[in-house]
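Here is data23.txt, consisting of compact mmCIF, C-alpha atoms:
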# COMPACT_ATOMS: atom_id res chain seq x y z
CA MET A 57 -7.94 -18.44 22.63
CA ALA A 58 -11.17 -18.61 20.65
CA GLN A 59 -14.21 -17.70 22.67
CA VAL A 60 -17.79 -17.15 21.58
CA SER A 61 -20.11 -14.80 23.41
CA SER A 62 -23.48 -13.35 22.55
CA ILE A 63 -25.35 -10.24 23.58
CA ALA A 64 -28.47 -10.90 21.54
CA ASN A 65 -30.52 -11.83 24.61
CA GLU A 66 -28.90 -9.54 27.10
CA GLN A 67 -30.44 -6.44 28.58
CA THR A 68 -28.50 -3.54 27.09
CA SER A 69 -28.44 0.12 27.93
CA THR A 70 -28.74 0.94 24.23
CA PRO A 71 -31.65 -1.13 22.87
CA LEU A 72 -30.79 -2.95 19.67
CA SER A 73 -33.83 -3.70 17.54
CA SER A 74 -31.97 -5.55 14.81
CA SER A 75 -32.56 -9.23 14.28
CA THR A 76 -29.31 -9.51 12.31
CA SER A 77 -26.17 -10.47 14.09
CA ILE A 78 -22.64 -11.07 12.91
CA THR A 79 -19.66 -12.83 14.35
CA LEU A 80 -16.95 -10.37 15.27
CA ARG A 81 -13.50 -11.96 15.50
CA ILE A 82 -11.10 -9.77 17.42
CA SER A 83 -7.36 -10.37 17.42
CA ARG A 84 -6.05 -10.49 20.98
CA PHE A 85 -2.40 -10.08 21.82
CA ASN A 86 -0.59 -8.68 24.80
CA PRO A 87 3.17 -8.56 24.15
CA GLU A 88 3.82 -8.59 27.90
CA HIS A 89 2.64 -12.16 28.37
CA ASP A 90 1.45 -13.64 25.05
CA GLU A 91 3.70 -15.64 22.74
CA SER A 92 1.41 -15.24 19.76
CA SER A 93 -1.88 -13.63 18.86
CA GLY A 94 -5.24 -15.40 18.93
CA PHE A 95 -8.85 -14.57 18.14
CA MET A 96 -11.88 -14.12 20.37
CA GLU A 97 -15.29 -14.39 18.74
CA PHE A 98 -18.38 -12.45 19.72
CA SER A 99 -21.88 -12.52 18.30
CA VAL A 100 -22.96 -8.90 17.91
CA PRO A 101 -26.35 -7.59 16.72
CA VAL A 102 -26.00 -5.00 13.98
CA GLN A 103 -28.07 -2.50 12.05
CA LYS A 104 -27.36 -1.60 8.47
CA TRP A 105 -25.59 1.56 9.66
CA THR A 106 -23.51 -0.09 12.38
CA THR A 107 -19.81 0.55 11.93
CA VAL A 108 -17.05 -1.86 12.85
CA LEU A 109 -15.95 0.52 15.61
CA GLU A 110 -19.45 0.52 17.10
CA ALA A 111 -19.45 -3.28 17.06
CA ILE A 112 -16.10 -3.35 18.85
CA LEU A 113 -17.38 -0.85 21.41
CA GLU A 114 -20.44 -3.08 21.97
CA VAL A 115 -18.08 -5.92 22.77
CA LYS A 116 -16.12 -3.71 25.18
CA LYS A 117 -19.35 -2.60 26.82
CA HIS A 118 -21.00 -5.98 27.26
CA PHE A 119 -18.37 -8.71 27.20
CA ASP A 120 -14.79 -7.75 27.59
CA HIS A 121 -13.78 -4.23 28.45
CA SER A 122 -10.12 -5.22 28.20
CA VAL A 123 -10.20 -5.24 24.38
CA ALA A 124 -7.65 -2.58 23.46
CA VAL A 125 -8.66 -0.24 20.62
CA ARG A 126 -7.67 3.33 19.89
CA TYR A 127 -10.41 5.70 18.73
CA SER A 128 -11.53 9.24 19.20
CA CYS A 129 -13.63 11.21 16.70
CA ARG A 130 -15.73 8.40 15.18
CA GLN A 131 -15.98 10.36 11.92
CA ALA A 132 -12.79 9.59 9.96
CA THR A 133 -11.06 12.76 11.05
CA CYS A 134 -8.64 11.83 13.84
CA GLY A 135 -7.07 8.81 12.10
CA SER A 136 -6.95 6.74 15.30
CA CYS A 137 -8.96 3.62 14.54
CA GLY A 138 -7.07 2.13 11.58
CA MET A 139 -7.03 -1.67 11.61
CA ILE A 140 -7.15 -4.66 9.30
CA ILE A 141 -10.81 -5.42 8.68
CA ASN A 142 -11.47 -8.62 6.76
CA GLY A 143 -7.96 -8.58 5.37
CA LYS A 144 -7.70 -4.93 4.29
CA PRO A 145 -6.56 -1.84 6.16
CA ARG A 146 -9.57 0.36 6.92
CA LEU A 147 -10.79 2.89 9.45
CA ALA A 148 -13.14 1.10 11.85
CA CYS A 149 -15.33 4.19 12.27
CA PHE A 150 -15.62 4.64 8.50
CA THR A 151 -16.44 1.03 7.62
CA LYS A 152 -20.04 -0.10 7.90
CA ILE A 153 -20.46 -3.79 8.60
CA SER A 154 -23.18 -3.96 5.94
CA GLU A 155 -20.71 -2.94 3.22
CA LEU A 156 -18.41 -5.87 4.05
CA ASN A 157 -21.03 -8.37 2.79
CA SER A 158 -20.00 -10.96 5.34
CA ASN A 159 -21.49 -12.42 8.48
CA VAL A 160 -18.03 -12.83 9.90
CA VAL A 161 -15.97 -9.70 10.49
CA THR A 162 -12.35 -10.19 11.47
CA VAL A 163 -10.42 -7.29 12.97
CA GLU A 164 -6.66 -7.32 13.47
CA PRO A 165 -4.03 -4.69 14.27
CA MET A 166 -2.53 -2.86 11.29
CA ASN A 167 0.39 -4.57 9.65
CA ASN A 168 3.86 -3.01 9.66
CA PHE A 169 3.28 -1.29 13.02
CA PRO A 170 4.43 -2.68 16.39
CA VAL A 171 1.46 -3.88 18.42
CA ILE A 172 0.85 -2.26 21.81
CA ARG A 173 -2.04 -4.59 22.61
CA ASP A 174 -4.89 -6.19 20.65
CA LEU A 175 -5.89 -3.62 18.00
CA ALA A 176 -3.78 -0.69 19.19
CA VAL A 177 -0.46 -0.12 17.44
CA LYS A 178 2.47 2.21 17.96
CA PHE A 179 2.62 5.24 15.70
CA GLU A 180 6.10 6.49 16.67
CA LYS A 181 7.76 5.38 13.42
CA LEU A 182 5.00 6.96 11.33
CA PHE A 183 5.30 10.27 13.16
CA ASP A 184 9.12 10.16 13.05
CA SER A 185 9.05 9.65 9.27
CA HIS A 186 6.47 12.41 8.95
CA GLN A 187 8.63 14.78 10.98
CA LYS A 188 11.72 13.78 9.00
CA ILE A 189 10.41 15.31 5.77
CA LYS A 190 9.89 18.71 7.49
CA PRO A 191 6.11 19.03 7.35
CA PHE A 192 5.98 22.81 7.51
CA LEU A 193 6.57 25.75 5.20
CA ILE A 194 10.25 26.53 4.85
CA ARG A 195 11.15 30.12 3.95
CA ASP A 196 13.12 32.99 5.38
CA ASP A 197 10.32 35.50 5.81
CA THR A 198 7.10 35.07 7.77
CA GLU A 199 3.55 36.34 7.55
CA LEU A 200 3.37 36.58 11.31
CA VAL A 201 5.36 39.81 11.45
CA SER A 202 3.23 42.95 11.52
CA ASP A 203 3.06 44.99 8.33
CA GLU A 204 3.81 41.88 6.27
CA LYS A 205 1.27 40.65 3.75
CA GLU A 206 -0.05 37.10 3.97
CA PHE A 207 1.24 34.64 1.41
CA LEU A 208 -1.29 34.70 -1.39
CA GLN A 209 -2.08 31.73 -3.63
CA SER A 210 -4.35 31.32 -6.60
CA PRO A 211 -7.01 28.55 -6.52
CA GLU A 212 -4.95 26.70 -9.14
CA GLU A 213 -1.90 26.79 -6.88
CA VAL A 214 -3.95 25.46 -3.97
CA GLU A 215 -5.24 22.61 -6.15
CA GLN A 216 -1.66 21.40 -6.55
CA TYR A 217 -1.39 20.26 -2.93
CA ILE A 218 -4.78 20.50 -1.15
CA GLN A 219 -5.55 16.84 -1.85
CA PHE A 220 -2.43 15.78 0.03
CA ALA A 221 -3.20 18.14 2.92
CA ASN A 222 -6.20 15.88 3.70
CA CYS A 223 -3.89 13.27 5.25
CA ILE A 224 -5.05 12.33 8.76
CA LYS A 225 -1.97 10.18 9.51
CA CYS A 226 -4.02 7.07 10.13
CA GLY A 227 -1.25 4.83 8.77
CA LEU A 228 -3.47 2.72 6.50
CA CYS A 229 -1.23 3.46 3.50
CA ASN A 230 1.87 2.28 5.37
CA SER A 231 -0.01 -0.84 6.41
CA ALA A 232 -0.98 -1.70 2.82
CA CYS A 233 2.41 -0.90 1.26
CA PRO A 234 4.29 -4.00 0.02
CA THR A 235 7.66 -2.32 0.56
CA MET A 236 6.80 -1.49 4.17
CA ALA A 237 6.04 -5.20 4.59
CA THR A 238 9.69 -6.09 4.15
CA ASP A 239 11.81 -2.95 4.59
CA SER A 240 11.86 -1.60 8.14
CA SER A 241 13.86 1.47 7.06
CA PHE A 242 11.55 2.58 4.25
CA VAL A 243 10.22 6.06 4.91
CA GLY A 244 6.72 5.01 3.77
CA PRO A 245 3.99 6.37 1.50
CA GLN A 246 2.52 8.66 4.16
CA ALA A 247 5.71 10.67 4.63
CA LEU A 248 6.52 10.70 0.91
CA ALA A 249 3.06 12.00 0.02
CA GLN A 250 3.49 14.71 2.64
CA ALA A 251 6.87 15.60 1.18
CA TYR A 252 5.09 16.21 -2.13
CA ARG A 253 2.39 18.22 -0.33
CA TYR A 254 5.01 20.79 0.78
CA VAL A 255 7.16 20.63 -2.36
CA ALA A 256 4.08 21.43 -4.47
CA ASP A 257 3.10 24.35 -2.21
CA THR A 258 4.15 27.60 -3.93
CA ARG A 259 4.66 29.27 -0.55
CA ASP A 260 7.34 26.75 0.38
CA LYS A 261 11.03 27.22 -0.45
CA GLY A 262 12.36 23.98 1.00
CA LYS A 263 12.11 21.77 -2.07
CA ASP A 264 15.83 21.05 -2.37
CA SER A 265 16.27 20.09 1.28
CA ARG A 266 13.24 17.79 1.18
CA LEU A 267 14.32 16.12 -2.05
CA LYS A 268 17.71 15.52 -0.44
CA ILE A 269 16.05 13.74 2.49
CA ILE A 270 13.97 11.40 0.36
CA ASP A 271 16.70 10.76 -2.26
CA ASP A 272 17.90 7.77 -0.27
CA SER A 273 18.17 4.02 -0.79
CA HIS A 274 15.33 3.59 1.72
CA GLY A 275 13.55 6.68 0.48
CA ILE A 276 11.50 7.35 -2.62
CA TRP A 277 13.35 4.82 -4.80
CA ARG A 278 11.88 1.94 -2.79
CA CYS A 279 8.37 2.79 -4.05
CA HIS A 280 7.50 0.52 -6.98
CA PHE A 281 4.10 2.06 -7.72
CA ALA A 282 1.97 -0.87 -6.55
CA GLY A 283 -0.72 1.70 -5.69
CA SER A 284 -2.10 -0.17 -2.66
CA CYS A 285 -1.59 2.92 -0.49
CA SER A 286 -4.00 4.92 -2.64
CA GLN A 287 -6.58 2.16 -2.68
CA VAL A 288 -6.90 2.08 1.11
CA CYS A 289 -6.67 5.83 1.83
CA PRO A 290 -9.95 6.86 3.50
CA LYS A 291 -9.50 10.55 2.65
CA GLY A 292 -8.71 10.40 -1.07
CA VAL A 293 -5.12 11.55 -0.59
CA ASP A 294 -3.79 9.21 -3.31
CA PRO A 295 -0.22 8.88 -1.94
CA ALA A 296 0.87 6.90 -5.03
CA MET A 297 0.18 9.92 -7.23
CA GLY A 298 2.04 12.25 -4.88
CA ILE A 299 5.05 9.93 -4.76
CA GLN A 300 5.26 9.61 -8.57
CA LEU A 301 4.90 13.37 -9.02
CA LEU A 302 7.58 13.87 -6.38
CA ARG A 303 9.87 11.42 -8.15
CA GLY A 304 9.29 13.41 -11.32
CA TYR A 305 11.31 16.24 -9.70
CA LEU A 306 14.23 13.90 -9.00
CA LEU A 307 14.13 12.37 -12.48
CA GLY A 308 13.97 15.74 -14.20
CA PHE A 309 10.41 15.41 -15.51
CA ARG A 310 9.35 18.36 -13.34
CA SER A 311 11.10 21.44 -12.09
CA MET B 83 4.73 -12.31 18.29
CA ALA B 84 8.11 -13.29 16.92
CA ASN B 85 8.11 -10.21 14.70
CA ASP B 86 8.13 -7.22 17.06
CA GLU B 87 7.42 -4.75 14.30
CA HIS B 88 4.45 -6.83 13.12
CA ARG B 89 5.59 -6.66 9.52
CA GLU B 90 3.74 -8.71 6.97
CA GLY B 91 7.00 -9.84 5.37
CA ILE B 92 7.21 -11.73 2.10
CA LYS B 93 3.85 -13.38 2.87
CA GLY B 94 2.07 -10.03 2.80
CA MET B 95 4.04 -8.80 -0.17
CA ALA B 96 3.19 -11.99 -2.01
CA ASN B 97 -0.56 -11.70 -1.44
CA PRO B 98 -1.68 -9.93 -4.61
CA GLY B 99 -5.40 -10.59 -4.30
CA ARG B 100 -6.42 -7.79 -1.95
CA TYR B 101 -5.54 -4.64 -3.84
CA GLY B 102 -6.60 -5.10 -7.45
CA ILE B 103 -4.74 -5.57 -10.72
CA GLU B 104 -2.04 -3.00 -9.85
CA ARG B 105 -0.82 -5.16 -6.95
CA VAL B 106 -0.97 -8.25 -9.19
CA ALA B 107 1.19 -6.39 -11.74
CA TYR B 108 3.60 -5.41 -8.96
CA TRP B 109 3.96 -9.02 -7.91
CA MET B 110 4.30 -10.31 -11.50
CA MET B 111 6.98 -7.69 -12.11
CA ARG B 112 9.00 -9.01 -9.16
CA LEU B 113 8.51 -12.64 -10.22
CA SER B 114 9.37 -12.03 -13.87
CA GLY B 115 12.43 -10.00 -12.82
CA LEU B 116 13.72 -12.86 -10.66
CA GLY B 117 12.86 -15.35 -13.41
CA LEU B 118 14.79 -13.38 -15.99
CA LEU B 119 17.75 -13.09 -13.62
CA ALA B 120 17.70 -16.88 -13.18
CA TYR B 121 17.50 -17.31 -16.97
CA PHE B 122 20.40 -14.88 -17.43
CA ILE B 123 22.59 -16.92 -15.09
CA GLY B 124 21.52 -20.14 -16.81
CA HIS B 125 22.18 -18.60 -20.19
CA ILE B 126 25.72 -17.62 -19.16
CA TYR B 127 26.30 -21.21 -18.02
CA GLU B 128 24.84 -22.53 -21.27
CA THR B 129 26.95 -20.38 -23.57
CA SER B 130 30.08 -20.90 -21.48
CA ASN B 131 29.98 -24.53 -22.59
CA ILE B 132 31.38 -23.43 -25.92
CA LEU B 133 34.74 -23.52 -24.14
CA ARG B 134 34.35 -27.31 -23.99
CA GLY B 135 34.63 -27.46 -27.77
CA GLN B 136 32.25 -28.76 -30.43
CA VAL B 137 31.24 -31.89 -28.48
CA GLY B 138 30.44 -30.03 -25.27
CA TRP B 139 28.52 -27.34 -27.13
CA ASP B 140 26.44 -29.92 -29.02
CA GLU B 141 25.62 -31.70 -25.76
CA VAL B 142 24.22 -28.50 -24.25
CA LEU B 143 22.32 -27.63 -27.41
CA GLU B 144 20.71 -31.05 -27.28
CA LEU B 145 19.43 -30.27 -23.78
CA THR B 146 17.68 -27.16 -25.08
CA GLN B 147 15.81 -29.14 -27.72
CA THR B 148 13.66 -31.08 -25.24
CA THR B 149 9.95 -30.44 -24.55
CA GLU B 150 10.74 -29.27 -21.02
CA ALA B 151 13.33 -26.79 -22.28
CA HIS B 152 10.87 -25.46 -24.84
CA ILE B 153 8.28 -24.88 -22.10
CA VAL B 154 10.88 -23.07 -20.00
CA LEU B 155 11.84 -20.92 -22.97
CA ALA B 156 8.18 -20.11 -23.64
CA ILE B 157 7.84 -18.95 -20.02
CA VAL B 158 11.02 -16.88 -20.42
CA ILE B 159 9.52 -15.22 -23.52
CA GLY B 160 6.37 -14.41 -21.54
CA MET B 161 8.34 -13.02 -18.61
CA CYS B 162 10.53 -10.96 -20.93
CA VAL B 163 7.59 -9.36 -22.77
CA PHE B 164 5.61 -8.71 -19.57
CA HIS B 165 8.62 -7.21 -17.80
CA THR B 166 9.37 -4.95 -20.77
CA VAL B 167 5.85 -3.66 -21.43
CA ASN B 168 4.93 -3.29 -17.76
CA GLY B 169 8.36 -1.76 -17.14
CA VAL B 170 7.64 0.98 -19.67
CA ARG B 171 4.30 1.66 -17.91
CA VAL B 172 5.96 1.80 -14.50
CA MET B 173 8.80 4.02 -15.75
CA LEU B 174 6.33 6.50 -17.21
CA GLY B 175 4.40 6.43 -13.94
CA HIS B 176 7.61 7.01 -11.98
CA GLY B 177 8.11 10.19 -13.94
CA GLY B 178 4.61 11.34 -13.00
CA ILE B 179 3.26 10.65 -16.48
CA GLY B 180 -0.27 9.30 -16.69
CA VAL B 181 -0.87 9.31 -12.93
CA GLY B 182 -3.52 12.03 -13.04
CA LYS B 183 -3.52 15.57 -11.73
CA PRO B 184 -3.93 16.65 -8.12
CA ALA B 185 -7.45 17.89 -7.39
CA ARG B 186 -9.86 18.22 -4.48
CA PRO B 187 -10.98 14.66 -3.80
CA ASP B 188 -14.67 13.78 -3.80
CA TYR B 189 -16.26 10.80 -2.07
CA PRO B 190 -15.92 7.85 -2.75
CA TYR B 191 -12.34 8.94 -3.41
CA GLU B 192 -11.38 6.88 -6.44
CA PRO B 193 -7.59 7.29 -6.66
CA ALA B 194 -6.66 9.07 -9.89
CA SER B 195 -3.30 7.32 -10.04
CA GLN B 196 -5.07 3.97 -10.48
CA ASN B 197 -6.70 5.15 -13.69
CA TYR B 198 -7.78 3.33 -16.83
CA ARG B 199 -4.54 4.21 -18.69
CA HIS B 200 -2.47 2.19 -16.26
CA LYS B 201 -5.02 -0.62 -16.14
CA ILE B 202 -4.91 -0.79 -19.96
CA GLY B 203 -1.11 -0.86 -19.73
CA ILE B 204 -1.20 -3.80 -17.31
CA TYR B 205 -3.74 -5.79 -19.30
CA SER B 206 -1.78 -5.04 -22.51
CA ALA B 207 1.40 -6.37 -20.89
CA ILE B 208 -0.41 -9.58 -19.89
CA LEU B 209 -2.03 -9.97 -23.32
CA LEU B 210 1.16 -9.30 -25.27
CA SER B 211 3.15 -11.72 -23.13
CA ALA B 212 0.49 -14.40 -23.71
CA ILE B 213 0.60 -13.79 -27.48
CA ALA B 214 4.41 -13.87 -27.47
CA MET B 215 4.38 -17.13 -25.51
CA MET B 216 1.93 -18.70 -27.95
CA TYR B 217 3.98 -17.55 -30.92
CA GLY B 218 7.15 -18.88 -29.31
CA MET B 219 5.52 -22.23 -28.61
CA ALA B 220 4.20 -22.38 -32.19
CA VAL B 221 7.74 -21.84 -33.50
CA MET B 222 9.37 -24.31 -31.08
CA PHE B 223 6.75 -27.06 -31.27
CA GLY B 224 5.55 -26.33 -34.80
CA GLU B 225 8.02 -28.50 -36.64
Taking this structure as input, can you express it in the form of structure tokens?
Amino acid sequence: MAQVSSIANEQTSTPLSSSTSITLRISRFNPEHDESSGFMEFSVPVQKWTTVLEAILEVKKHFDHSVAVRYSCRQATCGSCGMIINGKPRLACFTKISELNSNVVTVEPMNNFPVIRDLAVKFEKLFDSHQKIKPFLIRDDTELVSDEKEFLQSPEEVEQYIQFANCIKCGLCNSACPTMATDSSFVGPQALAQAYRYVADTRDKGKDSRLKIIDDSHGIWRCHFAGSCSQVCPKGVDPAMGIQLLRGYLLGFRS
Amino acid sequence: MANDEHREGIKGMANPGRYGIERVAYWMMRLSGLGLLAYFIGHIYETSNILRGQVGWDEVLELTQTTEAHIVLAIVIGMCVFHTVNGVRVMLGHGGIGVGKPARPDYPYEPASQNYRHKIGIYSAILLSAIAMMYGMAVMFGE
């Protein structure tokens, strides 16, 4: 399926002054009629600030609009454009081509997620796992009732979970996880880190019910602290830390 | 694709080069664990030969005195030491010890859980297993 195209000499609506160009290899796969995935190659001019997402969008604009890619905010906030870039899970909008130090950039769909088409993957399992750990404050009273005071927290109490509240559900951690690579039932580092986010929140009273959910053979015990999830997280969430701290509750190191 | 869920499988799990020394340690832990399990089974077979009497036992002992057997035993020593030392590191980490404290992350978002304490633990496990292997080989081949 390999195909090489170039836009260096084409008239473009967005003038590109760069003399540098890279080869962008895009994984193509349509489960409706393809037996296996293949790569298409495109020669794309880049600037030092060009992101991988911008390069993909150049390809869509000038060569093949059928390349399937999910994106939205272009600023590492929506968590839509996660993909494997030169072998590692990264956000396409947050990865500059210049930082890859390679003239060949290969983009593939994230591992451990079913492929919808090309670079777009299904997020249902991720969201189901996220929902499973009850990602909301559990308590009997509410601050929404009139005459009730809001739930106050000290800055120190906020520090305990705010890092994990940065999760944008991009799925990169699940894609990098070695357990996710082989265990289809594993709840995954994203959901486990979010379980810790709510357990560590002093406003929350649902610790016991959450610990019960993750205390499962395909739950927290399947994490072996490889730490790959933390290395690929684009928001500094550090799921590996959250999971180990969470396990500390189950092992009696924390209360 | 044959794999509808697009899982990396053993191939992805076995690729330790992409995520630093922590992933290498993860992979070595799995390998050494399987290696020690294989040794354990072999060891049970070896010692069960005592039921064959003095002659049978001597025959098996002779097998363990070969160069190949000494090399295997040296590898077993290395696996044992690495699995033990790295296991202590991982167990402490599993309890939330030495994985850092939650804090507001700053760019470039270096993960606190992948800190120097754990890296030292991993390199110590590798170094100690290498020393133990060399000592074992010196004892076995020294005579």
Considering only C-alpha atoms, tabulate each residue of chain B that lies at most 10 Å from chain A along with its nearest interatomic pair and the corresponding distance in Å to one decimal; arrange the rows by chain and ascending residue number and present them as JSON lines.
{"residue": "B:Met83", "atom": "CA", "partner": "A:Ser92", "partner_atom": "CA", "distance": 4.7}
{"residue": "B:Ala84", "atom": "CA", "partner": "A:Ser92", "partner_atom": "CA", "distance": 7.5}
{"residue": "B:Asn85", "atom": "CA", "partner": "A:Pro170", "partner_atom": "CA", "distance": 8.5}
{"residue": "B:Asp86", "atom": "CA", "partner": "A:Pro170", "partner_atom": "CA", "distance": 5.9}
{"residue": "B:Glu87", "atom": "CA", "partner": "A:Pro170", "partner_atom": "CA", "distance": 4.2}
{"residue": "B:His88", "atom": "CA", "partner": "A:Asn168", "partner_atom": "CA", "distance": 5.2}
{"residue": "B:Arg89", "atom": "CA", "partner": "A:Asn168", "partner_atom": "CA", "distance": 4.0}
{"residue": "B:Glu90", "atom": "CA", "partner": "A:Ala237", "partner_atom": "CA", "distance": 4.8}
{"residue": "B:Gly91", "atom": "CA", "partner": "A:Thr238", "partner_atom": "CA", "distance": 4.8}
{"residue": "B:Ile92", "atom": "CA", "partner": "A:Thr238", "partner_atom": "CA", "distance": 6.5}
{"residue": "B:Lys93", "atom": "CA", "partner": "A:Ala237", "partner_atom": "CA", "distance": 8.6}
{"residue": "B:Gly94", "atom": "CA", "partner": "A:Ala237", "partner_atom": "CA", "distance": 6.5}
{"residue": "B:Met95", "atom": "CA", "partner": "A:Pro234", "partner_atom": "CA", "distance": 4.8}
{"residue": "B:Ala96", "atom": "CA", "partner": "A:Pro234", "partner_atom": "CA", "distance": 8.3}
{"residue": "B:Asn97", "atom": "CA", "partner": "A:Pro234", "partner_atom": "CA", "distance": 9.2}
{"residue": "B:Pro98", "atom": "CA", "partner": "A:Pro234", "partner_atom": "CA", "distance": 9.6}
{"residue": "B:Arg100", "atom": "CA", "partner": "A:Lys144", "partner_atom": "CA", "distance": 7.0}
{"residue": "B:Tyr101", "atom": "CA", "partner": "A:Ser284", "partner_atom": "CA", "distance": 5.8}
{"residue": "B:Gly102", "atom": "CA", "partner": "A:Ser284", "partner_atom": "CA", "distance": 8.2}
{"residue": "B:Ile103", "atom": "CA", "partner": "A:Ala282", "partner_atom": "CA", "distance": 9.2}
{"residue": "B:Glu104", "atom": "CA", "partner": "A:Ala282", "partner_atom": "CA", "distance": 5.6}
{"residue": "B:Arg105", "atom": "CA", "partner": "A:Ala282", "partner_atom": "CA", "distance": 5.1}
{"residue": "B:Val106", "atom": "CA", "partner": "A:Ala282", "partner_atom": "CA", "distance": 8.4}
{"residue": "B:Ala107", "atom": "CA", "partner": "A:Ala282", "partner_atom": "CA", "distance": 7.6}
{"residue": "B:Tyr108", "atom": "CA", "partner": "A:Ala282", "partner_atom": "CA", "distance": 5.4}
{"residue": "B:Trp109", "atom": "CA", "partner": "A:Ala282", "partner_atom": "CA", "distance": 8.5}
{"residue": "B:Met111", "atom": "CA", "partner": "A:His280", "partner_atom": "CA", "distance": 9.7}
{"residue": "B:Arg112", "atom": "CA", "partner": "A:His280", "partner_atom": "CA", "distance": 9.9}
{"residue": "B:Val172", "atom": "CA", "partner": "A:Phe281", "partner_atom": "CA", "distance": 7.0}
{"residue": "B:Met173", "atom": "CA", "partner": "A:Phe281", "partner_atom": "CA", "distance": 9.5}
{"residue": "B:Leu174", "atom": "CA", "partner": "A:Gln300", "partner_atom": "CA", "distance": 9.2}
{"residue": "B:Gly175", "atom": "CA", "partner": "A:Gln300", "partner_atom": "CA", "distance": 6.3}
{"residue": "B:His176", "atom": "CA", "partner": "A:Gln300", "partner_atom": "CA", "distance": 4.9}
{"residue": "B:Gly177", "atom": "CA", "partner": "A:Gly304", "partner_atom": "CA", "distance": 4.3}
{"residue": "B:Gly178", "atom": "CA", "partner": "A:Leu301", "partner_atom": "CA", "distance": 4.5}
{"residue": "B:Ile179", "atom": "CA", "partner": "A:Leu301", "partner_atom": "CA", "distance": 8.1}
{"residue": "B:Gly180", "atom": "CA", "partner": "A:Met297", "partner_atom": "CA", "distance": 9.5}
{"residue": "B:Val181", "atom": "CA", "partner": "A:Met297", "partner_atom": "CA", "distance": 5.8}
{"residue": "B:Gly182", "atom": "CA", "partner": "A:Met297", "partner_atom": "CA", "distance": 7.2}
{"residue": "B:Lys183", "atom": "CA", "partner": "A:Gln216", "partner_atom": "CA", "distance": 8.0}
{"residue": "B:Pro184", "atom": "CA", "partner": "A:Gln216", "partner_atom": "CA", "distance": 5.5}
{"residue": "B:Ala185", "atom": "CA", "partner": "A:Glu215", "partner_atom": "CA", "distance": 5.4}
{"residue": "B:Arg186", "atom": "CA", "partner": "A:Gln219", "partner_atom": "CA", "distance": 5.2}
{"residue": "B:Pro187", "atom": "CA", "partner": "A:Gly292", "partner_atom": "CA", "distance": 5.5}
{"residue": "B:Asp188", "atom": "CA", "partner": "A:Gly292", "partner_atom": "CA", "distance": 7.4}
{"residue": "B:Tyr189", "atom": "CA", "partner": "A:Gly292", "partner_atom": "CA", "distance": 7.6}
{"residue": "B:Pro190", "atom": "CA", "partner": "A:Gly292", "partner_atom": "CA", "distance": 7.8}
{"residue": "B:Tyr191", "atom": "CA", "partner": "A:Gly292", "partner_atom": "CA", "distance": 4.6}
{"residue": "B:Glu192", "atom": "CA", "partner": "A:Gly292", "partner_atom": "CA", "distance": 7.0}
{"residue": "B:Pro193", "atom": "CA", "partner": "A:Asp294", "partner_atom": "CA", "distance": 5.4}
{"residue": "B:Ala194", "atom": "CA", "partner": "A:Asp294", "partner_atom": "CA", "distance": 7.2}
{"residue": "B:Ser195", "atom": "CA", "partner": "A:Met297", "partner_atom": "CA", "distance": 5.2}
{"residue": "B:Gln196", "atom": "CA", "partner": "A:Gly283", "partner_atom": "CA", "distance": 6.9}
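One finds atom CA of Phe122 of chain B at 14.9 Å from atom CA of Val163 of chain B.
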Residue neighbourhood Ala214 of chain B, 10 Å, all atoms listed in the file, exclusion window fewer than 3 positions, as a ChimeraX atom specification = /B:156-157,159-164,208-211,217-220
Nearest to Pro101 of chain A: which of A:Thr151, A:Asn230, A:Thr258, A:Thr79 is it, counting only C-alpha atoms?
->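 The shortest atom-to-atom distance to Pro101 of chain A comes from A:Thr79.
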Please indicate the distance in Å from atom CA of Ile276 of chain A to atom CA of Asn197 of chain B, rounded to one decimal place.
->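 It comes out at 21.4 Å.
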If I wrap all listed atoms of segment 88-93 of chain B in a box with edges along x, y and z and add 4 Å on each side, what are its centre and edge lengths in Å to one decimal, as AutoDock Vina command-line options?
--center_x 5.5 --center_y -10.0 --center_z 7.6 --size_x 11.5 --size_y 14.7 --size_z 19.0
Taking (6.8, -23.7, -26.4) in the file's coordinates, which residues come within 8 Å, counting all atoms listed in the file, written as a list in words?
-> Thr149, His152, Ile153, Val154, Leu155, Ala156, Met215, Met216, Gly218, Met219, Ala220, Val221, Met222 and Phe223 of chain B
Any idea what the distance is between atom CA of Gly94 of chain A and atom CA of Val108 of chain A?
->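 Pair atom CA of Gly94 of chain A / atom CA of Val108 of chain A returns 19.0 Å.
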Could you check which of B:Val170, B:Val137, B:Leu118, B:Val158 is closest to Ala212 of chain B, using only C-alpha atoms?
->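 Smallest distance to Ala212 of chain B is found for B:Val158.
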Kindly indicate which residue among B:Leu113, B:Thr166, B:Val142, B:His200 lies nearest to Tyr127 of chain B, using all atoms listed in the file for the distances.
->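 The shortest atom-to-atom distance to Tyr127 of chain B comes from B:Val142.
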Point (-16.4, 9.9, 7.1), cut-off 7 Å, counting all atoms listed in the file, residues as a PyMOL selection string | chain A and resi 131-132+150
